Amino acid sequence: MGMDVDALRQETPGCANRVHLNNAGAGLLSRRTLEAMTGHLRLEAAVGGYEAAAQQAGKIEQTYAAVAELVGGRAAEVALFDNSTHAWNAAFYSLGFRPGDRILTGRSEYGSNVLAYLQVAQRHGVEVVVVPDDEWGQLDTVALAGMIDERTRLIGVSHIPTGGGLVNPVAEIGRLSRAAGVPFLLDATQSVGQLPLDVTEIGCDMLTGTGRKFLRGPRGIGFLWVRSETLHQLEPPVVDIESAVWDGARGFTWQPGAKRFESWEKSYSNVLGLNEAVRQALELGLDQIARRCAELGSRLRERLDALPGVGCYDLGRERCAIVTAKVDGLSAAEVAGALAAEQVNVSVTSPEASQFDTEHRGVHPLVRFSPHYYNTEAELDRTVDVVARAGDTIARGRRESSRCFSALCGMAPTNAWPACFRAPGFGSHSWTKIFVKFSGATGGGGCVVPG
Ligand SMILES: Cc1ncc(COP(=O)(O)O)c(C=O)c1O
């Protein structure tokens with residue numbers, strides 16, 4: 001059965017207000033997820049937090065099974081965290097590095113993961129090696145095969161990067177890691193909820209994901225899946241009364257399974273929201289979701305690429321719903337501001353967060369569009385129209401703000417941004433705010449200037 005996009009939009013309150021193309025940031029909650037969360041908060045308020053958790057114990061437990069089903073693992077292999085980064089850190093810092101160890105990663109690795117690599121490099125003399133891309137711009141698995149050696153302690157890869165539509169060839173990376181007996185830590189933060197994931201097919205040892213992005217779950221929750229057979233190689237970096245049992249004397253025993261990575265306190269409203277979001281994705285079917293996401297992504301890419309002065313920068317043989325683009329003569333923040341002024345949510349990629357990619361291509365910041373299955377083709381077309389008009393709209397905004405500032409500061413009006421806007425520390429957020437405030441696109445500008 002096909003996807004009933006209208007019905008899914010009816011069940012997504014945010015669809016009424018905005019064109020939400022920032023699912024790589026945070027997806028829109030469905031009504032049922034919202035109900036699961038607010039219902040639990042109301043229960044906590046009515047009967048007490050611990051008592052509410054006890055009443056919902058069955059459903060809380062089901063969340064582990066739901067996440068396990070989503071990635072093709074077992075419930076005992078799942079641990080919950082407050083975000084994906086902490087889940088990833090729990091796995092990574094469990095490895096125990098020694099001087100001379102090597103970490104192999106890709107150009108599209110997520111910034112926080114790279115910072116952790118750099119920390120163990122500084123602390124333990126580990127070498128961080130960036131595997132080059134192939135001709136498609138995805139991690140080059142032939143090069144990887146030649147780089148794995150007896151010093152390799154970890155292969156760490158982002159399935160989909162934060163700043164582009166690339167889908168890395170993870171099953172081949174997994175095959176190589178298993179053949180070499182090297183642990184493979186997969187950051188699936190941008191792929192979970194967008195693509196089908198099967199840890200057996202992928203062959204990773206550890207996988208991390210977040211609730212809020214393509215899964216459409218709450219903010220403030222993430223998860224780690226760890227293969228049972230890999231557990232003996234890992235020592236969690238921290239311990240608490242959830243992850244271990246104090247044996248009554250001067251020792252402790254780790255909890256069985258992935259529980260040993262968790263801490264005791266959790267937001268159960270988020271846990272129950274995650275449960276609902278994962279179940280909804282499973283009911284819709286990840287194959288169907290992936291198909292629609294890819295279709296919307298390529299439609300948007302094609303239409304943007306067809307605009308004069310606009311280009312898309314997504315790498316990879318396989319591409320997903322993340323679309324990154326640049327408009328000649330405009331900064332990414334200006335384009336994002338023009339879209340925000342028309343109630344279209346997008347975001348902007350950061351050169352600092354993707355430095356391996358930046359060193360290589362130097363294309364960031366880019367405008368990042370990330371539709372989900374509940375977006376319509378008409379919404380994408382409207383977005384493309386706003387981008388096509390962005391140059392004119394921004395020129396109008398510049399003229400307007402220049403007029404305001406010239407009136408305020410006694411400067412001659414100019415079509416360029418006034419010099420004070422180019423002062424150090426005047427960042428892209430300020431540009432966007434000023435643009436939204438003064439642009440005619442807000443419906444009249446924000447400044448009345450005599451004359
Ligand atoms: C590829 C990737 N990995 C990890 C993260 C971090 O996820 P979280 O913010 O849930 O810690 C992000 C967030 O954007 C991401 O895009």
# chains A, B, ... in the order shown; residues from 1 in each chain; ligands from 1
>>> closest_atom_pairs(of="chain A", to="ligand 1", cutoff="8 Å", atoms="only C-alpha atoms and all ligand atoms", output="Markdown table")
| residue | atom | partner | partner_atom_place_in_ligand_line | distance |
| --- | --- | --- | --- | --- |
| A:Ala24 | CA | ligand 1 | 14 (O) | 6.9 |
| A:Gly25 | CA | ligand 1 | 14 (O) | 6.2 |
| A:Asp82 | CA | ligand 1 | 10 (O) | 7.7 |
| A:Asn83 | CA | ligand 1 | 10 (O) | 4.0 |
| A:Ser84 | CA | ligand 1 | 11 (O) | 3.8 |
| A:Thr85 | CA | ligand 1 | 11 (O) | 3.6 |
| A:His86 | CA | ligand 1 | 11 (O) | 6.4 |
| A:Ala87 | CA | ligand 1 | 11 (O) | 7.9 |
| A:Glu109 | CA | ligand 1 | 1 (C) | 7.0 |
| A:Tyr110 | CA | ligand 1 | 1 (C) | 5.0 |
| A:Gly111 | CA | ligand 1 | 3 (N) | 7.8 |
| A:Ser112 | CA | ligand 1 | 4 (C) | 7.2 |
| A:Asn113 | CA | ligand 1 | 4 (C) | 7.5 |
| A:Ser158 | CA | ligand 1 | 1 (C) | 5.5 |
| A:His159 | CA | ligand 1 | 1 (C) | 7.2 |
| A:Ile160 | CA | ligand 1 | 1 (C) | 6.0 |
| A:Pro161 | CA | ligand 1 | 1 (C) | 4.6 |
| A:Thr162 | CA | ligand 1 | 16 (O) | 3.7 |
| A:Gly163 | CA | ligand 1 | 16 (O) | 7.4 |
| A:Asp187 | CA | ligand 1 | 3 (N) | 5.7 |
| A:Ala188 | CA | ligand 1 | 1 (C) | 6.7 |
| A:Thr189 | CA | ligand 1 | 3 (N) | 4.9 |
| A:Gln190 | CA | ligand 1 | 1 (C) | 5.4 |
| A:Gly209 | CA | ligand 1 | 10 (O) | 7.1 |
| A:Thr210 | CA | ligand 1 | 10 (O) | 4.7 |
| A:Gly211 | CA | ligand 1 | 10 (O) | 7.2 |
| A:Arg212 | CA | ligand 1 | 10 (O) | 7.3 |
| A:Arg219 | CA | ligand 1 | 10 (O) | 7.8 |
| A:Gly220 | CA | ligand 1 | 10 (O) | 7.2 |
| A:Ile221 | CA | ligand 1 | 10 (O) | 7.0 |
| A:Gly222 | CA | ligand 1 | 10 (O) | 6.0 |
>>> select_by_dssp(residues="range 122-302 of chain A", states="helix (DSSP H, G or I)", output="JSON list (two decimals) with C-alpha atoms, in the first residue's frame")
[["chain", "number", "residue", "atom", "x", "y", "z"],
["A", 122, "GLN", "CA", 46.57, 13.74, 22.01],
["A", 123, "ARG", "CA", 46.01, 11.59, 25.09],
["A", 124, "HIS", "CA", 47.29, 8.22, 23.86],
["A", 141, "THR", "CA", 36.41, 1.20, -0.01],
["A", 142, "VAL", "CA", 39.32, 0.08, -2.21],
["A", 143, "ALA", "CA", 41.56, 2.61, -0.49],
["A", 144, "LEU", "CA", 40.16, 1.52, 2.88],
["A", 145, "ALA", "CA", 40.99, -2.14, 2.15],
["A", 146, "GLY", "CA", 44.60, -1.13, 1.51],
["A", 147, "MET", "CA", 44.81, 0.98, 4.67],
["A", 170, "VAL", "CA", 28.47, 0.97, 4.77],
["A", 171, "ALA", "CA", 27.84, -2.68, 3.91],
["A", 172, "GLU", "CA", 31.16, -2.84, 2.04],
["A", 173, "ILE", "CA", 32.92, -1.05, 4.92],
["A", 174, "GLY", "CA", 31.37, -3.59, 7.29],
["A", 175, "ARG", "CA", 32.53, -6.49, 5.13],
["A", 176, "LEU", "CA", 36.11, -5.18, 5.23],
["A", 177, "SER", "CA", 36.01, -4.54, 8.97],
["A", 178, "ARG", "CA", 34.74, -8.05, 9.69],
["A", 179, "ALA", "CA", 37.31, -9.66, 7.41],
["A", 180, "ALA", "CA", 40.05, -7.80, 9.31],
["A", 199, "VAL", "CA", 23.16, -4.39, 11.49],
["A", 200, "THR", "CA", 23.65, -7.92, 10.17],
["A", 201, "GLU", "CA", 23.70, -6.75, 6.58],
["A", 202, "ILE", "CA", 25.88, -3.74, 7.42],
["A", 228, "SER", "CA", 26.62, -8.87, 21.86],
["A", 229, "GLU", "CA", 29.75, -10.54, 20.52],
["A", 230, "THR", "CA", 31.65, -7.21, 20.68],
["A", 231, "LEU", "CA", 30.78, -6.47, 24.33],
["A", 232, "HIS", "CA", 33.81, -8.31, 25.73],
["A", 233, "GLN", "CA", 36.11, -5.88, 23.87],
["A", 257, "GLY", "CA", 24.14, -6.50, 27.63],
["A", 258, "ALA", "CA", 24.08, -2.87, 26.57],
["A", 259, "LYS", "CA", 22.48, -1.77, 29.87],
["A", 260, "ARG", "CA", 26.07, -1.34, 31.12],
["A", 261, "PHE", "CA", 26.35, 1.85, 29.03],
["A", 268, "TYR", "CA", 10.64, 8.85, 30.32],
["A", 269, "SER", "CA", 8.48, 11.20, 28.35],
["A", 270, "ASN", "CA", 11.26, 11.16, 25.74],
["A", 271, "VAL", "CA", 11.63, 7.39, 26.01],
["A", 272, "LEU", "CA", 7.91, 6.92, 25.36],
["A", 273, "GLY", "CA", 8.02, 9.48, 22.55],
["A", 274, "LEU", "CA", 10.88, 7.57, 20.95],
["A", 275, "ASN", "CA", 8.90, 4.33, 21.27],
["A", 276, "GLU", "CA", 5.97, 5.87, 19.41],
["A", 277, "ALA", "CA", 8.14, 7.47, 16.72],
["A", 278, "VAL", "CA", 10.02, 4.23, 16.05],
["A", 279, "ARG", "CA", 6.79, 2.25, 15.89],
["A", 280, "GLN", "CA", 5.32, 4.71, 13.44],
["A", 281, "ALA", "CA", 8.40, 4.42, 11.20],
["A", 282, "LEU", "CA", 8.21, 0.61, 11.37],
["A", 283, "GLU", "CA", 4.50, 0.63, 10.54],
["A", 284, "LEU", "CA", 5.06, 2.89, 7.53],
["A", 286, "LEU", "CA", 11.52, 1.96, 6.09],
["A", 287, "ASP", "CA", 11.75, 0.86, 2.45],
["A", 288, "GLN", "CA", 8.78, 3.01, 1.57],
["A", 289, "ILE", "CA", 10.09, 5.93, 3.65],
["A", 290, "ALA", "CA", 13.52, 5.68, 2.00],
["A", 291, "ARG", "CA", 11.99, 5.61, -1.47],
["A", 292, "ARG", "CA", 9.92, 8.73, -0.88],
["A", 293, "CYS", "CA", 12.78, 10.58, 0.84],
["A", 294, "ALA", "CA", 15.13, 9.82, -2.07],
["A", 295, "GLU", "CA", 12.48, 10.90, -4.61],
["A", 296, "LEU", "CA", 11.86, 14.20, -2.84],
["A", 297, "GLY", "CA", 15.61, 14.75, -2.47],
["A", 298, "SER", "CA", 16.30, 14.21, -6.17],
["A", 299, "ARG", "CA", 13.31, 16.31, -7.28],
["A", 300, "LEU", "CA", 14.55, 19.21, -5.16],
["A", 301, "ARG", "CA", 18.13, 18.78, -6.39],
["A", 302, "GLU", "CA", 17.04, 18.71, -10.03]]
>>> residues_around(residues="range 40-42 of chain A", least_positions_apart="3", cutoff="12 Å", atoms="only C-alpha atoms", output="PyMOL selection string")
chain A and resi 33-37+45-57+59-60+267-273
>>> residues_around(residues="Arg319 in chain A", least_positions_apart="2", cutoff="8 Å", atoms="only C-alpha atoms", output="mmCIF file with C-alpha atoms, in the first residue's frame")
data_model
loop_
_atom_site.group_PDB
_atom_site.id
_atom_site.type_symbol
_atom_site.label_atom_id
_atom_site.label_comp_id
_atom_site.auth_asym_id
_atom_site.auth_seq_id
_atom_site.Cartn_x
_atom_site.Cartn_y
_atom_site.Cartn_z
ATOM 1 C CA GLY A 165 23.177 14.065 0.686
ATOM 2 C CA LEU A 166 25.885 11.403 0.449
ATOM 3 C CA VAL A 167 25.102 7.838 1.603
ATOM 4 C CA ALA A 294 15.126 9.825 -2.068
ATOM 5 C CA GLY A 297 15.610 14.754 -2.471
ATOM 6 C CA SER A 298 16.303 14.213 -6.166
ATOM 7 C CA ASP A 314 25.813 16.633 -2.705
ATOM 8 C CA LEU A 315 28.353 13.880 -3.148
ATOM 9 C CA GLY A 316 27.911 10.145 -3.469
ATOM 10 C CA ARG A 317 26.664 7.488 -5.808
ATOM 11 C CA ALA A 321 16.864 13.521 1.271
ATOM 12 C CA ILE A 322 19.564 15.978 2.343
#
>>> residues_around(residues="Val245 in chain A", least_positions_apart="2", cutoff="7 Å", atoms="only C-alpha atoms", output="PDB file with N, CA and C atoms, in the first residue's frame")
ATOM      1  N   ILE A 241      24.736   3.304  39.077  1.00  0.00           N
ATOM      2  CA  ILE A 241      23.914   2.237  39.661  1.00  0.00           C
ATOM      3  C   ILE A 241      22.968   1.589  38.650  1.00  0.00           C
ATOM      4  N   ASP A 247      28.867  -4.866  44.375  1.00  0.00           N
ATOM      5  CA  ASP A 247      28.734  -6.246  44.889  1.00  0.00           C
ATOM      6  C   ASP A 247      28.671  -6.324  46.406  1.00  0.00           C
ATOM      7  N   PHE A 252      32.459  -4.382  41.718  1.00  0.00           N
ATOM      8  CA  PHE A 252      31.155  -4.255  41.046  1.00  0.00           C
ATOM      9  C   PHE A 252      31.117  -5.150  39.821  1.00  0.00           C
ATOM     10  N   THR A 253      29.904  -5.402  39.358  1.00  0.00           N
ATOM     11  CA  THR A 253      29.708  -6.239  38.175  1.00  0.00           C
ATOM     12  C   THR A 253      28.902  -5.456  37.155  1.00  0.00           C
ATOM     13  N   TRP A 254      29.387  -5.419  35.925  1.00  0.00           N
ATOM     14  CA  TRP A 254      28.627  -4.736  34.870  1.00  0.00           C
ATOM     15  C   TRP A 254      27.303  -5.447  34.653  1.00  0.00           C
ATOM     16  N   GLN A 255      26.287  -4.654  34.308  1.00  0.00           N
ATOM     17  CA  GLN A 255      25.007  -5.259  33.921  1.00  0.00           C
ATOM     18  C   GLN A 255      25.222  -6.059  32.639  1.00  0.00           C
TER      19      GLN A 255
END
>>> select_by_dssp(residues="range 52-233 of chain A", states="strand (DSSP E)", output="ChimeraX atom specification")
/A:78-81,102-106,127-131,152-158,184-187,206-210,222-226
>>> write_last_selection(atoms="C-alpha atoms", output="PDB file, in the first residue's frame")
ATOM      1  CA  VAL A  78      20.234  -1.385  22.952  1.00  0.00           C
ATOM      2  CA  ALA A  79      21.094   1.388  25.426  1.00  0.00           C
ATOM      3  CA  LEU A  80      19.318   4.743  25.632  1.00  0.00           C
ATOM      4  CA  PHE A  81      21.046   8.108  26.036  1.00  0.00           C
ATOM      5  CA  ARG A 102      45.123   3.864  14.235  1.00  0.00           C
ATOM      6  CA  ILE A 103      41.595   5.099  13.700  1.00  0.00           C
ATOM      7  CA  LEU A 104      40.384   5.049  10.107  1.00  0.00           C
ATOM      8  CA  THR A 105      37.603   7.447   9.235  1.00  0.00           C
ATOM      9  CA  GLY A 106      36.164   9.310   6.243  1.00  0.00           C
ATOM     10  CA  GLU A 127      46.950   8.149  14.733  1.00  0.00           C
ATOM     11  CA  VAL A 128      43.826   9.418  12.967  1.00  0.00           C
ATOM     12  CA  VAL A 129      43.827   8.525   9.282  1.00  0.00           C
ATOM     13  CA  VAL A 130      41.313   9.970   6.832  1.00  0.00           C
ATOM     14  CA  VAL A 131      40.409   7.539   4.054  1.00  0.00           C
ATOM     15  CA  THR A 152      43.956  -0.400  13.092  1.00  0.00           C
ATOM     16  CA  ARG A 153      41.890  -0.281  16.272  1.00  0.00           C
ATOM     17  CA  LEU A 154      38.708   1.239  14.865  1.00  0.00           C
ATOM     18  CA  ILE A 155      36.869   2.111  11.677  1.00  0.00           C
ATOM     19  CA  GLY A 156      34.508   5.010  12.441  1.00  0.00           C
ATOM     20  CA  VAL A 157      32.201   6.291   9.722  1.00  0.00           C
ATOM     21  CA  SER A 158      29.128   8.501   9.405  1.00  0.00           C
ATOM     22  CA  PHE A 184      33.324  -0.756  13.132  1.00  0.00           C
ATOM     23  CA  LEU A 185      31.439   2.105  14.798  1.00  0.00           C
ATOM     24  CA  LEU A 186      28.700   3.464  12.540  1.00  0.00           C
ATOM     25  CA  ASP A 187      27.168   6.870  13.163  1.00  0.00           C
ATOM     26  CA  MET A 206      28.255  -0.515  17.181  1.00  0.00           C
ATOM     27  CA  LEU A 207      25.655   1.854  15.769  1.00  0.00           C
ATOM     28  CA  THR A 208      24.342   5.142  17.122  1.00  0.00           C
ATOM     29  CA  GLY A 209      21.236   7.172  16.336  1.00  0.00           C
ATOM     30  CA  THR A 210      19.161  10.058  17.582  1.00  0.00           C
ATOM     31  CA  GLY A 222      19.500   8.912  21.381  1.00  0.00           C
ATOM     32  CA  PHE A 223      20.546   5.288  21.359  1.00  0.00           C
ATOM     33  CA  LEU A 224      23.445   2.904  21.002  1.00  0.00           C
ATOM     34  CA  TRP A 225      23.226  -0.599  19.592  1.00  0.00           C
ATOM     35  CA  VAL A 226      26.177  -2.880  20.401  1.00  0.00           C
TER      36      VAL A 226
END
>>> atom_distance(atom1="CA of Val387 in chain A", atom2="CA of Val335 in chain A")
6.9 Å
>>> closest_residue(among="A:Cys15, A:Pro371, A:Gly72, A:Phe356", to="Asp133 in chain A", atoms="only C-alpha atoms")
A:Phe356
>>> closest_residue(among="A:Ala378, A:Ala390, A:Val384, A:Ala121", to="Ala332 in chain A", atoms="only C-alpha atoms")
A:Ala390
>>> atom_distance(atom1="CA of Ser370 in chain A", atom2="CA of Asn22 in chain A")
5.0 Å
>>> residues_around(residues="Gly309 in chain A", least_positions_apart="2", cutoff="10 Å", atoms="only C-alpha atoms", output="ChimeraX atom specification")
/A:304-307,311,326-330,388,391
>>> write_last_selection(atoms="N, CA and C atoms", output="compact mmCIF listing (two decimals), in the first residue's frame")
# COMPACT_ATOMS: atom_id res chain seq x y z
N LEU A 304 16.55 22.71 -8.21
CA LEU A 304 17.50 23.76 -7.80
C LEU A 304 18.62 23.89 -8.83
N ASP A 305 19.12 22.73 -9.28
CA ASP A 305 20.21 22.75 -10.27
C ASP A 305 19.79 23.43 -11.57
N ALA A 306 18.49 23.38 -11.85
CA ALA A 306 18.00 23.97 -13.11
C ALA A 306 17.89 25.50 -13.01
N LEU A 307 17.99 26.06 -11.80
CA LEU A 307 17.89 27.52 -11.67
C LEU A 307 19.22 28.16 -12.07
N GLY A 311 23.57 25.96 -7.59
CA GLY A 311 24.19 24.65 -7.78
C GLY A 311 24.07 23.80 -6.52
N LYS A 326 24.08 26.23 -3.14
CA LYS A 326 24.64 27.57 -3.05
C LYS A 326 23.98 28.42 -4.13
N VAL A 327 23.78 29.69 -3.82
CA VAL A 327 23.23 30.62 -4.82
C VAL A 327 24.30 31.66 -5.09
N ASP A 328 24.64 31.84 -6.37
CA ASP A 328 25.70 32.81 -6.73
C ASP A 328 25.40 34.18 -6.15
N GLY A 329 26.40 34.78 -5.54
CA GLY A 329 26.27 36.15 -5.07
C GLY A 329 25.57 36.30 -3.73
N LEU A 330 25.06 35.19 -3.18
CA LEU A 330 24.37 35.28 -1.89
C LEU A 330 25.02 34.32 -0.91
N ALA A 388 14.59 31.05 -6.22
CA ALA A 388 14.75 31.75 -7.50
C ALA A 388 14.60 33.26 -7.31
N GLY A 391 17.54 36.36 -4.74
CA GLY A 391 18.48 37.43 -5.10
C GLY A 391 17.77 38.78 -5.06
>>> atom_distance(atom1="CA of Val363 in chain A", atom2="CA of Ala325 in chain A")
9.4 Å
